[in-house]
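**Student:** Just one file: run_25.cif, with mmCIF, C-alpha atoms.
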```cif
data_start
loop_
_atom_site.group_PDB
_atom_site.id
_atom_site.type_symbol
_atom_site.label_atom_id
_atom_site.label_comp_id
_atom_site.auth_asym_id
_atom_site.auth_seq_id
_atom_site.Cartn_x
_atom_site.Cartn_y
_atom_site.Cartn_z
ATOM 1 C CA MET A 1 0.000 0.000 0.000
ATOM 2 C CA THR A 2 3.028 2.278 -0.137
ATOM 3 C CA ALA A 3 1.776 4.059 -3.261
ATOM 4 C CA LEU A 4 -1.623 4.880 -1.744
ATOM 5 C CA PRO A 5 -2.110 8.346 -0.288
ATOM 6 C CA GLN A 6 -3.494 8.854 3.190
ATOM 7 C CA GLY A 7 -7.281 8.607 3.327
ATOM 8 C CA ILE A 8 -10.199 6.251 2.700
ATOM 9 C CA HIS A 9 -9.701 3.518 0.109
ATOM 10 C CA GLN A 10 -11.365 0.343 -1.150
ATOM 11 C CA LEU A 11 -9.730 -3.086 -1.363
ATOM 12 C CA TYR A 12 -11.138 -5.523 -3.948
ATOM 13 C CA ILE A 13 -10.559 -9.271 -4.000
ATOM 14 C CA ARG A 14 -11.849 -12.135 -6.162
ATOM 15 C CA SER A 15 -10.833 -15.639 -7.187
ATOM 16 C CA LYS A 16 -10.914 -17.825 -10.285
ATOM 17 C CA ASP A 17 -11.489 -21.579 -10.382
ATOM 18 C CA ALA A 18 -9.903 -24.202 -12.624
ATOM 19 C CA ASN A 19 -12.711 -23.769 -15.191
ATOM 20 C CA GLY A 20 -11.948 -20.093 -15.623
ATOM 21 C CA ASN A 21 -15.018 -18.877 -13.710
ATOM 22 C CA TRP A 22 -14.564 -15.800 -11.561
ATOM 23 C CA SER A 23 -16.187 -15.364 -8.159
ATOM 24 C CA VAL A 24 -18.188 -12.338 -7.033
ATOM 25 C CA THR A 25 -15.859 -9.379 -6.437
ATOM 26 C CA ASN A 26 -15.810 -8.546 -2.724
ATOM 27 C CA ARG A 27 -15.000 -5.055 -1.501
ATOM 28 C CA SER A 28 -13.915 -3.593 1.830
ATOM 29 C CA PHE A 29 -13.268 -0.022 2.935
ATOM 30 C CA PHE A 30 -10.156 0.926 4.882
ATOM 31 C CA TYR A 31 -8.419 4.091 5.976
ATOM 32 C CA LYS A 32 -4.685 4.525 5.437
ATOM 33 C CA THR A 33 -3.044 6.756 7.996
ATOM 34 C CA GLY A 34 0.107 8.737 7.481
ATOM 35 C CA ASN A 35 3.388 8.197 9.286
ATOM 36 C CA SER A 36 2.494 8.543 12.955
ATOM 37 C CA ASN A 37 6.022 9.786 13.621
ATOM 38 C CA SER A 38 5.733 12.609 11.104
ATOM 39 C CA ALA A 39 4.924 16.096 12.275
ATOM 40 C CA SER A 40 3.199 16.695 8.916
ATOM 41 C CA ASN A 41 0.571 14.008 9.534
ATOM 42 C CA ALA A 42 -2.549 16.190 9.597
ATOM 43 C CA ASN A 43 -5.611 15.288 11.668
ATOM 44 C CA ILE A 44 -8.931 14.536 10.027
ATOM 45 C CA VAL A 45 -11.376 17.238 11.095
ATOM 46 C CA LYS A 46 -14.438 16.645 8.893
ATOM 47 C CA LEU A 47 -16.327 13.681 7.500
ATOM 48 C CA GLU A 48 -19.343 13.856 5.208
ATOM 49 C CA TYR A 49 -21.535 11.589 3.120
ATOM 50 C CA PHE A 50 -24.127 12.056 0.399
ATOM 51 C CA PHE A 51 -26.419 10.012 -1.810
ATOM 52 C CA ASP A 52 -26.198 9.886 -5.593
ATOM 53 C CA ALA A 53 -25.301 13.307 -7.099
ATOM 54 C CA ASP A 54 -22.257 15.034 -5.596
ATOM 55 C CA PRO A 55 -23.357 18.298 -3.890
ATOM 56 C CA GLY A 56 -19.791 19.610 -3.870
ATOM 57 C CA PHE A 57 -17.025 19.424 -1.286
ATOM 58 C CA GLY A 58 -18.226 20.540 2.126
ATOM 59 C CA ASN A 59 -21.911 20.335 1.163
ATOM 60 C CA GLY A 60 -22.555 16.708 2.129
ATOM 61 C CA ILE A 61 -24.272 15.492 5.278
ATOM 62 C CA ASP A 62 -21.912 16.109 8.171
ATOM 63 C CA VAL A 63 -20.770 13.245 10.412
ATOM 64 C CA PRO A 64 -19.517 14.325 13.857
ATOM 65 C CA VAL A 65 -15.901 13.248 14.268
ATOM 66 C CA THR A 66 -13.232 13.742 16.914
ATOM 67 C CA PRO A 67 -10.174 15.204 15.159
ATOM 68 C CA GLY A 68 -7.448 12.607 14.750
ATOM 69 C CA ASN A 69 -5.381 10.787 12.151
ATOM 70 C CA ASN A 70 -7.157 7.448 12.593
ATOM 71 C CA ILE A 71 -10.944 7.168 12.354
ATOM 72 C CA ALA A 72 -10.992 3.571 11.120
ATOM 73 C CA ASN A 73 -13.392 2.384 13.844
ATOM 74 C CA LEU A 74 -15.995 5.102 13.312
ATOM 75 C CA ASN A 75 -19.490 3.778 12.576
ATOM 76 C CA ILE A 76 -21.641 5.850 10.217
ATOM 77 C CA VAL A 77 -25.427 5.402 10.192
ATOM 78 C CA PRO A 78 -26.691 7.305 7.127
ATOM 79 C CA ASP A 79 -30.194 8.791 7.239
ATOM 80 C CA ILE A 80 -31.996 7.115 4.339
ATOM 81 C CA SER A 81 -35.501 8.404 5.155
ATOM 82 C CA ALA A 82 -35.556 10.611 2.050
ATOM 83 C CA VAL A 83 -33.993 8.034 -0.287
ATOM 84 C CA GLY A 84 -36.445 6.585 -2.799
ATOM 85 C CA LEU A 85 -36.777 2.978 -3.907
ATOM 86 C CA GLY A 86 -34.329 1.565 -6.419
ATOM 87 C CA ALA A 87 -30.584 1.838 -7.033
ATOM 88 C CA HIS A 88 -28.484 4.511 -5.320
ATOM 89 C CA LEU A 89 -24.910 5.469 -4.458
ATOM 90 C CA LEU A 90 -23.667 6.239 -0.956
ATOM 91 C CA SER A 91 -20.463 8.302 -0.983
ATOM 92 C CA VAL A 92 -18.114 9.198 1.876
ATOM 93 C CA ARG A 93 -15.086 11.499 2.130
ATOM 94 C CA SER A 94 -13.018 13.316 4.731
ATOM 95 C CA LYS A 95 -11.037 16.544 5.099
ATOM 96 C CA ASP A 96 -7.902 17.124 7.166
ATOM 97 C CA GLU A 97 -6.916 20.190 9.148
ATOM 98 C CA LYS A 98 -4.870 21.482 6.214
ATOM 99 C CA GLY A 99 -7.995 21.616 4.066
ATOM 100 C CA SER A 100 -7.130 18.614 1.889
ATOM 101 C CA TRP A 101 -9.976 16.281 0.936
ATOM 102 C CA SER A 102 -9.647 12.522 0.641
ATOM 103 C CA ILE A 103 -10.750 10.483 -2.341
ATOM 104 C CA THR A 104 -14.555 10.224 -2.520
ATOM 105 C CA ASN A 105 -15.447 6.554 -1.988
ATOM 106 C CA SER A 106 -18.810 5.246 -3.150
ATOM 107 C CA VAL A 107 -20.788 2.062 -2.695
ATOM 108 C CA GLY A 108 -23.919 1.093 -4.602
ATOM 109 C CA PHE A 109 -27.038 -0.135 -2.831
ATOM 110 C CA LEU A 110 -30.656 -0.949 -3.558
ATOM 111 C CA ARG A 111 -33.539 0.187 -1.385
ATOM 112 C CA ASP A 112 -36.564 -2.033 -1.861
ATOM 113 C CA SER A 113 -40.029 -2.480 -0.403
ATOM 114 C CA LEU A 114 -41.407 -5.924 0.393
ATOM 115 C CA LYS A 115 -44.605 -7.295 1.868
ATOM 116 C CA VAL A 116 -44.929 -10.681 3.527
ATOM 117 C CA PHE A 117 -47.232 -12.239 6.112
ATOM 118 C CA LEU A 118 -46.342 -14.961 8.618
ATOM 119 C CA GLN A 119 -49.096 -17.545 9.031
ATOM 120 C CA GLY A 120 -48.540 -18.085 12.723
ATOM 121 C CA PHE A 121 -48.558 -14.380 13.559
ATOM 122 C CA TYR A 122 -51.471 -13.426 11.302
ATOM 123 C CA THR A 123 -54.412 -11.979 13.275
ATOM 124 C CA GLY A 124 -56.740 -11.046 10.420
ATOM 125 C CA SER A 125 -57.623 -8.009 8.301
ATOM 126 C CA GLY A 126 -54.084 -7.708 6.972
ATOM 127 C CA ASN A 127 -52.394 -7.504 10.360
ATOM 128 C CA LEU A 128 -49.728 -9.413 12.276
ATOM 129 C CA THR A 129 -49.330 -9.652 16.033
ATOM 130 C CA PRO A 130 -46.518 -7.585 17.598
ATOM 131 C CA ALA A 131 -44.601 -10.708 18.602
ATOM 132 C CA LEU A 132 -41.541 -8.924 19.988
ATOM 133 C CA LEU A 133 -43.749 -6.885 22.290
ATOM 134 C CA ASN A 134 -45.695 -9.969 23.410
ATOM 135 C CA GLN A 135 -42.459 -11.877 24.027
ATOM 136 C CA GLY A 136 -40.881 -9.119 26.097
ATOM 137 C CA GLU A 137 -38.242 -8.143 23.539
ATOM 138 C CA SER A 138 -39.582 -4.710 22.491
ATOM 139 C CA MET A 139 -41.916 -1.908 23.548
ATOM 140 C CA ASP A 140 -42.915 -1.141 19.945
ATOM 141 C CA ALA A 141 -46.421 -2.316 19.050
ATOM 142 C CA THR A 142 -45.905 -1.628 15.331
ATOM 143 C CA ILE A 143 -43.218 -4.243 14.666
ATOM 144 C CA VAL A 144 -43.379 -8.030 14.539
ATOM 145 C CA ASP A 145 -39.969 -9.688 14.355
ATOM 146 C CA SER A 146 -36.733 -9.733 12.395
ATOM 147 C CA ILE A 147 -36.500 -11.794 9.243
ATOM 148 C CA THR A 148 -33.527 -12.828 7.137
ATOM 149 C CA LEU A 149 -33.463 -12.021 3.431
ATOM 150 C CA ARG A 150 -31.046 -13.433 0.899
ATOM 151 C CA LEU A 151 -30.397 -12.672 -2.734
ATOM 152 C CA HIS A 152 -29.271 -15.659 -4.775
ATOM 153 C CA ALA A 153 -27.618 -15.757 -8.180
ATOM 154 C CA GLN A 154 -30.075 -16.347 -11.001
ATOM 155 C CA TYR A 155 -28.558 -19.611 -12.198
ATOM 156 C CA TYR A 156 -27.916 -22.995 -10.606
ATOM 157 C CA PRO A 157 -26.662 -23.696 -7.966
ATOM 158 C CA TYR A 158 -28.086 -20.311 -6.875
ATOM 159 C CA PRO A 159 -25.279 -19.234 -4.519
ATOM 160 C CA VAL A 160 -26.061 -16.551 -1.957
ATOM 161 C CA VAL A 161 -24.867 -13.149 -3.161
ATOM 162 C CA ILE A 162 -25.825 -11.159 -0.085
ATOM 163 C CA THR A 163 -27.647 -11.681 3.212
ATOM 164 C CA THR A 164 -29.353 -8.992 5.245
ATOM 165 C CA LYS A 165 -31.890 -8.675 8.051
ATOM 166 C CA ALA A 166 -34.921 -6.420 8.317
ATOM 167 C CA ILE A 167 -37.709 -5.703 10.786
ATOM 168 C CA LEU A 168 -41.191 -6.773 9.710
ATOM 169 C CA ASN A 169 -44.009 -4.343 10.498
ATOM 170 C CA THR A 170 -47.445 -5.427 11.712
ATOM 171 C CA ASP A 171 -48.961 -4.545 8.316
ATOM 172 C CA GLY A 172 -46.561 -6.967 6.636
ATOM 173 C CA THR A 173 -44.343 -4.318 5.072
ATOM 174 C CA LEU A 174 -40.600 -3.874 5.419
ATOM 175 C CA SER A 175 -37.845 -1.816 3.842
ATOM 176 C CA VAL A 176 -34.694 -3.655 2.913
ATOM 177 C CA PHE A 177 -31.270 -2.563 1.720
ATOM 178 C CA PHE A 178 -28.944 -4.603 -0.448
ATOM 179 C CA THR A 179 -25.383 -3.368 -0.976
ATOM 180 C CA ASP A 180 -22.654 -4.397 -3.402
ATOM 181 C CA ILE A 181 -24.952 -6.040 -5.944
ATOM 182 C CA ASP A 182 -25.297 -5.402 -9.639
ATOM 183 C CA PRO A 183 -28.546 -3.462 -10.272
ATOM 184 C CA THR A 184 -28.660 -4.812 -13.833
ATOM 185 C CA GLN A 185 -28.883 -8.445 -12.666
ATOM 186 C CA ASN A 186 -31.848 -10.586 -11.627
ATOM 187 C CA TYR A 187 -31.793 -12.368 -8.270
ATOM 188 C CA TRP A 188 -33.862 -14.982 -6.511
ATOM 189 C CA LEU A 189 -35.149 -13.684 -3.163
ATOM 190 C CA SER A 190 -35.492 -16.012 -0.177
ATOM 191 C CA ILE A 191 -37.119 -15.137 3.135
ATOM 192 C CA GLN A 192 -36.411 -16.976 6.370
ATOM 193 C CA HIS A 193 -38.077 -16.567 9.755
ATOM 194 C CA ARG A 194 -37.202 -18.433 12.939
ATOM 195 C CA ASN A 195 -40.332 -20.625 12.986
ATOM 196 C CA HIS A 196 -41.724 -20.436 9.442
ATOM 197 C CA ILE A 197 -40.811 -22.275 6.247
ATOM 198 C CA GLU A 198 -38.103 -20.607 4.163
ATOM 199 C CA THR A 199 -39.813 -19.258 1.064
ATOM 200 C CA TRP A 200 -38.414 -18.118 -2.301
ATOM 201 C CA SER A 201 -39.772 -15.679 -4.857
ATOM 202 C CA SER A 202 -41.588 -17.277 -7.779
ATOM 203 C CA SER A 203 -38.880 -16.163 -10.199
ATOM 204 C CA PRO A 204 -35.709 -14.054 -10.280
ATOM 205 C CA ILE A 205 -36.309 -10.336 -9.712
ATOM 206 C CA ASN A 206 -34.585 -7.204 -10.922
ATOM 207 C CA PHE A 207 -34.908 -5.010 -7.852
ATOM 208 C CA ASN A 208 -33.817 -1.879 -9.679
ATOM 209 C CA SER A 209 -36.655 -1.937 -12.223
ATOM 210 C CA ASN A 210 -39.039 -3.673 -9.779
ATOM 211 C CA PRO A 211 -38.176 -2.322 -6.303
ATOM 212 C CA SER A 212 -41.363 -3.670 -4.682
ATOM 213 C CA TYR A 213 -42.413 -7.299 -4.224
ATOM 214 C CA ASP A 214 -45.596 -8.537 -2.534
ATOM 215 C CA PHE A 215 -45.711 -12.179 -1.368
ATOM 216 C CA THR A 216 -49.187 -11.724 0.136
ATOM 217 C CA SER A 217 -51.220 -11.087 -3.025
ATOM 218 C CA SER A 218 -51.092 -14.621 -4.408
ATOM 219 C CA ALA A 219 -49.764 -18.042 -3.502
ATOM 220 C CA SER A 220 -47.945 -17.984 -6.840
ATOM 221 C CA GLN A 221 -45.771 -15.092 -5.651
ATOM 222 C CA ALA A 222 -43.799 -17.826 -3.866
ATOM 223 C CA TYR A 223 -41.877 -20.518 -5.706
ATOM 224 C CA GLY A 224 -44.092 -23.587 -6.086
ATOM 225 C CA SER A 225 -47.028 -21.540 -4.688
ATOM 226 C CA ASN A 226 -45.709 -22.601 -1.292
ATOM 227 C CA GLN A 227 -47.856 -20.342 0.904
ATOM 228 C CA ALA A 228 -50.916 -20.704 3.106
ATOM 229 C CA GLU A 229 -54.152 -18.824 2.381
ATOM 230 C CA VAL A 230 -54.903 -17.125 5.706
ATOM 231 C CA GLU A 231 -57.892 -15.164 4.392
ATOM 232 C CA SER A 232 -59.605 -15.053 1.023
ATOM 233 C CA GLY A 233 -56.963 -13.874 -1.414
ATOM 234 C CA ILE A 234 -54.333 -13.253 1.300
ATOM 235 C CA TYR A 235 -51.307 -15.511 1.609
ATOM 236 C CA ALA A 236 -48.587 -16.096 4.194
ATOM 237 C CA LEU A 237 -45.474 -18.165 4.822
ATOM 238 C CA TYR A 238 -46.236 -21.517 6.429
ATOM 239 C CA ALA A 239 -45.636 -21.621 10.185
ATOM 240 C CA GLY A 240 -44.208 -24.534 12.145
ATOM 241 C CA ASP A 241 -40.609 -25.099 11.033
ATOM 242 C CA ILE A 242 -39.345 -24.700 14.582
ATOM 243 C CA ASN A 243 -36.022 -26.470 14.085
ATOM 244 C CA GLN A 244 -35.406 -24.787 10.708
ATOM 245 C CA ASP A 245 -34.644 -27.989 8.832
ATOM 246 C CA GLY A 246 -36.903 -27.017 5.924
ATOM 247 C CA VAL A 247 -39.751 -29.378 6.853
ATOM 248 C CA ILE A 248 -42.712 -29.053 9.204
ATOM 249 C CA ASP A 249 -43.031 -32.472 10.801
ATOM 250 C CA GLY A 250 -42.983 -34.442 14.036
ATOM 251 C CA LEU A 251 -39.539 -33.181 15.000
ATOM 252 C CA ASP A 252 -40.973 -29.690 15.248
ATOM 253 C CA TYR A 253 -43.831 -31.047 17.334
ATOM 254 C CA ASN A 254 -41.344 -32.593 19.752
ATOM 255 C CA ASN A 255 -39.711 -29.210 20.291
ATOM 256 C CA TRP A 256 -43.081 -27.565 20.807
ATOM 257 C CA GLU A 257 -44.220 -30.272 23.232
ATOM 258 C CA THR A 258 -41.093 -29.866 25.377
ATOM 259 C CA ASP A 259 -41.630 -26.127 25.828
ATOM 260 C CA ASN A 260 -45.365 -26.593 26.279
ATOM 261 C CA ASN A 261 -44.806 -29.102 29.088
ATOM 262 C CA ASN A 262 -42.342 -26.690 30.696
ATOM 263 C CA PHE A 263 -44.785 -23.750 30.464
ATOM 264 C CA GLY A 264 -42.401 -21.959 28.100
ATOM 265 C CA ALA A 265 -42.793 -18.218 27.651
ATOM 266 C CA GLY A 266 -40.822 -15.413 26.032
ATOM 267 C CA TYR A 267 -38.785 -15.231 22.844
ATOM 268 C CA LEU A 268 -39.115 -18.883 21.822
ATOM 269 C CA ALA A 269 -39.390 -20.380 18.344
ATOM 270 C CA THR A 270 -42.001 -22.772 19.720
ATOM 271 C CA ASP A 271 -44.349 -19.820 20.337
ATOM 272 C CA LEU A 272 -45.838 -20.192 16.889
ATOM 273 C CA ASN A 273 -48.543 -17.542 17.212
ATOM 274 C CA GLY A 274 -46.280 -14.950 18.826
ATOM 275 C CA ASP A 275 -48.426 -14.308 21.901
ATOM 276 C CA GLY A 276 -45.499 -14.869 24.275
ATOM 277 C CA ILE A 277 -46.700 -18.242 25.605
ATOM 278 C CA VAL A 278 -46.141 -21.790 24.346
ATOM 279 C CA ASP A 279 -49.496 -23.571 24.524
ATOM 280 C CA GLY A 280 -52.215 -25.241 22.491
ATOM 281 C CA LEU A 281 -53.095 -22.006 20.715
ATOM 282 C CA ASP A 282 -49.867 -22.345 18.756
ATOM 283 C CA PHE A 283 -51.563 -24.996 16.646
ATOM 284 C CA CYS A 284 -54.007 -22.455 15.249
ATOM 285 C CA SER A 285 -53.353 -19.874 12.569
ATOM 286 C CA GLY A 286 -56.373 -17.649 12.141
ATOM 287 C CA LYS A 287 -59.147 -19.846 10.811
ATOM 288 C CA GLN A 288 -56.766 -22.566 9.724
ATOM 289 C CA ILE A 289 -55.510 -25.388 11.889
ATOM 290 C CA THR A 290 -52.418 -26.329 9.916
ATOM 291 C CA MET A 291 -48.956 -25.691 11.322
ATOM 292 C CA LEU A 292 -47.751 -28.868 12.953
ATOM 293 C CA LEU A 293 -50.800 -30.810 11.790
ATOM 294 C CA LEU A 294 -49.951 -30.416 8.099
ATOM 295 C CA GLU A 295 -46.549 -31.296 6.731
ATOM 296 C CA GLN A 296 -45.006 -28.622 4.532
ATOM 297 C CA SER A 297 -41.517 -28.448 3.114
ATOM 298 C CA PHE A 298 -39.138 -25.854 1.795
ATOM 299 C CA ARG A 299 -39.245 -25.400 -1.980
ATOM 300 C CA LYS A 300 -36.686 -23.754 -4.229
ATOM 301 C CA PRO A 301 -35.741 -24.010 -7.912
ATOM 302 C CA SER A 302 -33.891 -27.199 -8.800
#
```
Can you present the structure in this file as structure tokens?
**Tutor:**
Amino acid sequence: MTALPQGIHQLYIRSKDANGNWSVTNRSFFYKTGNSNSASNANIVKLEYFFDADPGFGNGIDVPVTPGNNIANLNIVPDISAVGLGAHLLSVRSKDEKGSWSITNSVGFLRDSLKVFLQGFYTGSGNLTPALLNQGESMDATIVDSITLRLHAQYYPYPVVITTKAILNTDGTLSVFFTDIDPTQNYWLSIQHRNHIETWSSSPINFNSNPSYDFTSSASQAYGSNQAEVESGIYALYAGDINQDGVIDGLDYNNWETDNNNFGAGYLATDLNGDGIVDGLDFCSGKQITMLLLEQSFRKPS
């Protein structure tokens, strides 16, 4: 790194297999400091970020920083409330006490809007129970639980390109951010929750041209139509995969029975309806009695 100037930089790395196929290019930010023994090593006194178009040096969104020549461990939480759906650039740069600006470093990301219901937590009329509140993990009555989202490459064997987590709201909506992906490519989307069946999108999606995806509008929005109809025309991920092995079966029942016999309560995967208690009500999902009574399995493209 001797030829690199002091400031923020990006390191790229990728590999090639024996067949000549290249891996995804991975990127990491780092900050190169100057010679700590040099009196000319100027402190960084300003840090700013901006989205998309460059507003000009000094006109970005200011990030409070303690002057120093090493800010490598600083965490930045950008305010994305005004950022629309689709593809964007997040850029960061710094200025030292001599007035010199660093290189402007940018990373691409997608902001997308999804909608999904969880069968076990569905209470009717397009609403989910605030499971985290019921289970003593939150005081927010507008959120349900965290879910894991993965984007997979379009072609077999569908390797995971990126994994992220998001908070599901009681109306089934969530905002999700994917970084370091190609906005021109199509990706399979998979959704995983701690006691529901992992579910994939019905087909690969281009999240730049189609930044919204609604699993709830039709069973066919999921691969293999692998969703439960919780109300007329409203669909949700199947509940009951307590041990997350991709199948709802007797092994999940055994886990539920253990916690039920022990009067389990709190943040437990065996609390299938999210009311904070493990009991017989976990067998019911709205008007349907499915869950552990009906075997369901994970489906993805083959």
**Student:** Rounded to one decimal, what separation in Å do you get between CA of Leu151 in chain A and CA of Arg194 in chain A?
**Tutor:**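 CA of Arg194 in chain A lies at a distance of 18.0 Å from CA of Leu151 in chain A.
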**Student:** Give as a ChimeraX atom specification every residue, naming chains and numbers as the document does, that has an atom within 9 Å of (-11.9, 10.5, -0.2), counting all atoms listed in the file.
**Tutor:** /A:7-9,91-95,101-105
**Student:** Would you please work out which residue, of A:Gly108, A:Gly136, A:Gly246, A:Pro159, is nearest to Ser297 in chain A when using all atoms listed in the file?
**Tutor:** A:Gly246
**Student:** What is the distance, in Å and to one decimal place, between CA of Thr258 in chain A and CA of Asn226 in chain A?
**Tutor:**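 One can read the CA of Thr258 in chain A to CA of Asn226 in chain A distance as 28.0 Å.
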**Student:** Can you work out the spacing between CA of Ile205 in chain A and CA of Val24 in chain A in Å, to one decimal?
**Tutor:**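 These atoms are spaced 18.4 Å apart.
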**Student:** With distances taken over all atoms listed in the file, which of A:Gly240, A:Ile143, A:Tyr155, A:Trp188 is nearest to Ile167 in chain A?
**Tutor:**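 Checking each candidate against Ile167 in chain A, we get A:Ile143 as the closest.
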**Student:** Would you translate the PyMOL selection byres ((chain A and resi 142) around 7) into the concrete set of residues it matches in this file, as a PyMOL selection string?
**Tutor:** chain A and resi 130+140-141+143-144+169-170
**Student:** Would you list the contacts of Ala166 in chain A as a list in words, taking every protein, DNA or RNA residue within 9 Å and counting all atoms listed in the file, but skipping same-chain residues closer than 6 positions in sequence?
**Tutor:**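 Near Ala166 in chain A, the qualifying residues are Asp145, Ser146, Ile147, Thr148, Leu149, Leu174, Ser175, Val176 and Phe177 of chain A.
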**Student:** Hey, what's within 12 Å of Ser125 in chain A if we count only C-alpha atoms and toss same-chain stuff fewer than 2 positions away? As a ChimeraX atom specification, please?
**Tutor:** /A:117,122-123,127-129,170-172,230-235,286
**Student:** Excluding same-chain residues fewer than 5 positions from range 59-71 of chain A, what lies within 7 Å of it counting all atoms listed in the file, as number ranges by chain?
**Tutor:** A: 33, 42-50
**Student:** Skip Tyr187 in chain A itself and residues of its chain fewer than 2 positions away, then list as a list in words all residues within 9 Å of it, counting only C-alpha atoms.
**Tutor:**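 Surrounding residues, per the criterion: Leu151, His152, Ala153, Gln154, Tyr155, Tyr158, Val161, Gln185, Leu189, Ser203, Pro204, Ile205, Asn206 and Phe207 of chain A.
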**Student:** Using all atoms listed in the file, find the one residue out of A:Phe178, A:Trp22, A:Phe29, A:Phe263 that sits nearest to Asn208 in chain A.
**Tutor:**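 Closest to Asn208 in chain A of all the choices is A:Phe178.
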**Student:** Write out as a ChimeraX atom specification each polymer residue whose atoms come within 8 Å of range 251-254 of chain A, counting all atoms listed in the file; drop sequence neighbours fewer than 6 positions from it.
**Tutor:** /A:240-243,292
**Student:** With 6 Å as the threshold, what does the neighbourhood of (-43.9, -21.3, 1.3) contain in terms of residues, counting all atoms listed in the file? Coordinates are those of the file; answer as a PyMOL selection string.
**Tutor:** chain A and resi 197+199+226-227+237-238
**Student:** Now that the selection is made, can you save its residues with C-alpha atoms as a compact mmCIF listing (two decimals), in the coordinates of the input?
**Tutor:**
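Wrote result14.txt, looks like this:
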```
# COMPACT_ATOMS: atom_id res chain seq x y z
CA ILE A 197 -40.81 -22.28 6.25
CA THR A 199 -39.81 -19.26 1.06
CA ASN A 226 -45.71 -22.60 -1.29
CA GLN A 227 -47.86 -20.34 0.90
CA LEU A 237 -45.47 -18.16 4.82
CA TYR A 238 -46.24 -21.52 6.43
```
